[in-house]
Amino acid sequence: MRLDEEEAIASMLEKALDPLVPYPGRTDLPWKARCMKCEAVLDPGLTLHNIRGPQGGCATCAERGIDPTRPGYLYLVVHDGYQALKWGIANIDQRLTQHVSQGWQVAARWNFELTGDAWALERQIKAWVRGQGVPRALTADQMKYGGHTETAYLTDISLALIQAYVVSLTDRNPEPPQTA
Ligand SMILES: [Zn+2]
């Protein structure tokens, strides 16, 4: 199947993939791209044939249950044992259940009509935190369900500070605690 380049790129963007090289010209050739959600580089990449299929897109994010076109949320969780916090986005509550099962506690969440709107914020938070020289707190090994790139030690940045930053970005307080 042949697609013109514009249509091909549109298919990538629809799945939140940012092409890093020109369209290879065929839907059965891998196309190197960066996931706009988790920023992983898919190298050599998925083929457009797969990307346009029902499971298309970044496998890591599919595992994390993130769909940009559905409602979702931005969350903050803290871990007493690690003395660390983590921010992230998701559109299914199971994501928080995964973290809670690993000892994280939900500190705050902000709901969004489109999970895509939460991405930009997630990336802004990361840029802001790392811009202050705050390193990642955890390694991939310590995060059974992934997401270690969005962690920081509470001694480097407090929960109150990061929450205030999100409030300043969204102009909204976190959702009231849920009684589940
Ligand atoms: Zn991804």
# chains A, B, ... in the order shown; residues from 1 in each chain; ligands from 1
$ residues_near_ligand --ligand "ligand 1" --cutoff "8 Å" --atoms "only C-alpha atoms and all ligand atoms" --output "PyMOL selection string"
chain A and resi 34-40+57-62
$ closest_atom_pairs --of "segment 21-121 of chain A" --to "segment 137-160 of chain A" --cutoff "9 Å" --atoms "only C-alpha atoms" --output "tab-separated table"
residue	atom	partner	partner_atom	distance
A:Cys38	CA	A:Gly147	CA	8.4
A:Thr60	CA	A:Gly146	CA	8.7
A:Glu63	CA	A:Tyr145	CA	8.9
A:Arg64	CA	A:Tyr145	CA	7.8
A:Leu76	CA	A:Leu159	CA	8.2
A:Val77	CA	A:Leu159	CA	8.8
A:Val78	CA	A:Leu159	CA	8.0
A:Tyr82	CA	A:Tyr153	CA	7.8
A:Gln83	CA	A:Leu154	CA	5.7
A:Ala84	CA	A:Tyr153	CA	4.2
A:Leu85	CA	A:Ala152	CA	5.5
A:Lys86	CA	A:Thr151	CA	4.3
A:Trp87	CA	A:Glu150	CA	5.7
A:Gly88	CA	A:Glu150	CA	6.7
A:Arg95	CA	A:Tyr145	CA	8.6
A:Gln98	CA	A:Tyr145	CA	6.7
A:His99	CA	A:Tyr145	CA	7.3
A:Gln102	CA	A:Lys144	CA	7.7
A:Ala107	CA	A:Leu159	CA	8.2
$ write_last_selection --atoms "N, CA and C atoms" --output "tab-separated table (two decimals), in the first residue's frame"
chain	number	residue	atom	x	y	z
A	38	CYS	N	6.12	9.12	26.08
A	38	CYS	CA	7.18	8.67	27.00
A	38	CYS	C	8.55	9.07	26.49
A	60	THR	N	5.36	0.69	24.72
A	60	THR	CA	5.52	1.02	26.13
A	60	THR	C	4.29	1.74	26.65
A	63	GLU	N	1.23	-0.41	26.94
A	63	GLU	CA	1.31	-1.18	28.16
A	63	GLU	C	0.87	-0.35	29.36
A	64	ARG	N	1.24	0.92	29.30
A	64	ARG	CA	0.88	1.83	30.40
A	64	ARG	C	-0.56	2.28	30.28
A	76	LEU	N	0.20	12.74	40.72
A	76	LEU	CA	1.41	12.81	41.55
A	76	LEU	C	1.30	11.69	42.58
A	77	VAL	N	2.35	10.89	42.71
A	77	VAL	CA	2.37	9.84	43.73
A	77	VAL	C	3.66	9.98	44.54
A	78	VAL	N	3.61	9.51	45.77
A	78	VAL	CA	4.80	9.56	46.63
A	78	VAL	C	5.07	8.18	47.21
A	82	TYR	N	11.11	4.97	49.39
A	82	TYR	CA	12.13	5.57	48.53
A	82	TYR	C	12.33	7.05	48.83
A	83	GLN	N	11.40	7.62	49.59
A	83	GLN	CA	11.44	9.07	49.84
A	83	GLN	C	11.49	9.82	48.50
A	84	ALA	N	10.58	9.39	47.63
A	84	ALA	CA	10.58	9.95	46.28
A	84	ALA	C	9.16	10.28	45.86
A	85	LEU	N	9.07	11.12	44.86
A	85	LEU	CA	7.77	11.39	44.25
A	85	LEU	C	7.86	11.06	42.77
A	86	LYS	N	6.70	10.95	42.16
A	86	LYS	CA	6.62	10.66	40.74
A	86	LYS	C	5.41	11.38	40.17
A	87	TRP	N	5.57	11.89	38.95
A	87	TRP	CA	4.43	12.43	38.25
A	87	TRP	C	4.21	11.56	37.01
A	88	GLY	N	3.02	11.63	36.44
A	88	GLY	CA	2.76	10.83	35.24
A	88	GLY	C	1.36	11.09	34.72
A	95	ARG	N	-3.63	2.26	36.18
A	95	ARG	CA	-2.26	2.78	36.26
A	95	ARG	C	-1.92	3.14	37.71
A	98	GLN	N	-1.52	0.03	39.80
A	98	GLN	CA	-0.18	-0.56	39.63
A	98	GLN	C	0.81	0.10	40.59
A	99	HIS	N	0.80	1.43	40.61
A	99	HIS	CA	1.75	2.13	41.48
A	99	HIS	C	1.47	1.85	42.96
A	102	GLN	N	2.86	-1.13	44.41
A	102	GLN	CA	4.30	-1.08	44.63
A	102	GLN	C	4.68	-0.11	45.75
A	107	ALA	N	-1.05	11.22	45.66
A	107	ALA	CA	-1.03	12.51	46.36
A	107	ALA	C	-2.00	13.50	45.71
$ atom_distance --atom1 "atom CA of Leu42 of chain A" --atom2 "atom CA of Asp93 of chain A"
26.3 Å
$ atom_distance --atom1 "atom CA of Ile66 of chain A" --atom2 "atom CA of Ser101 of chain A"
18.9 Å
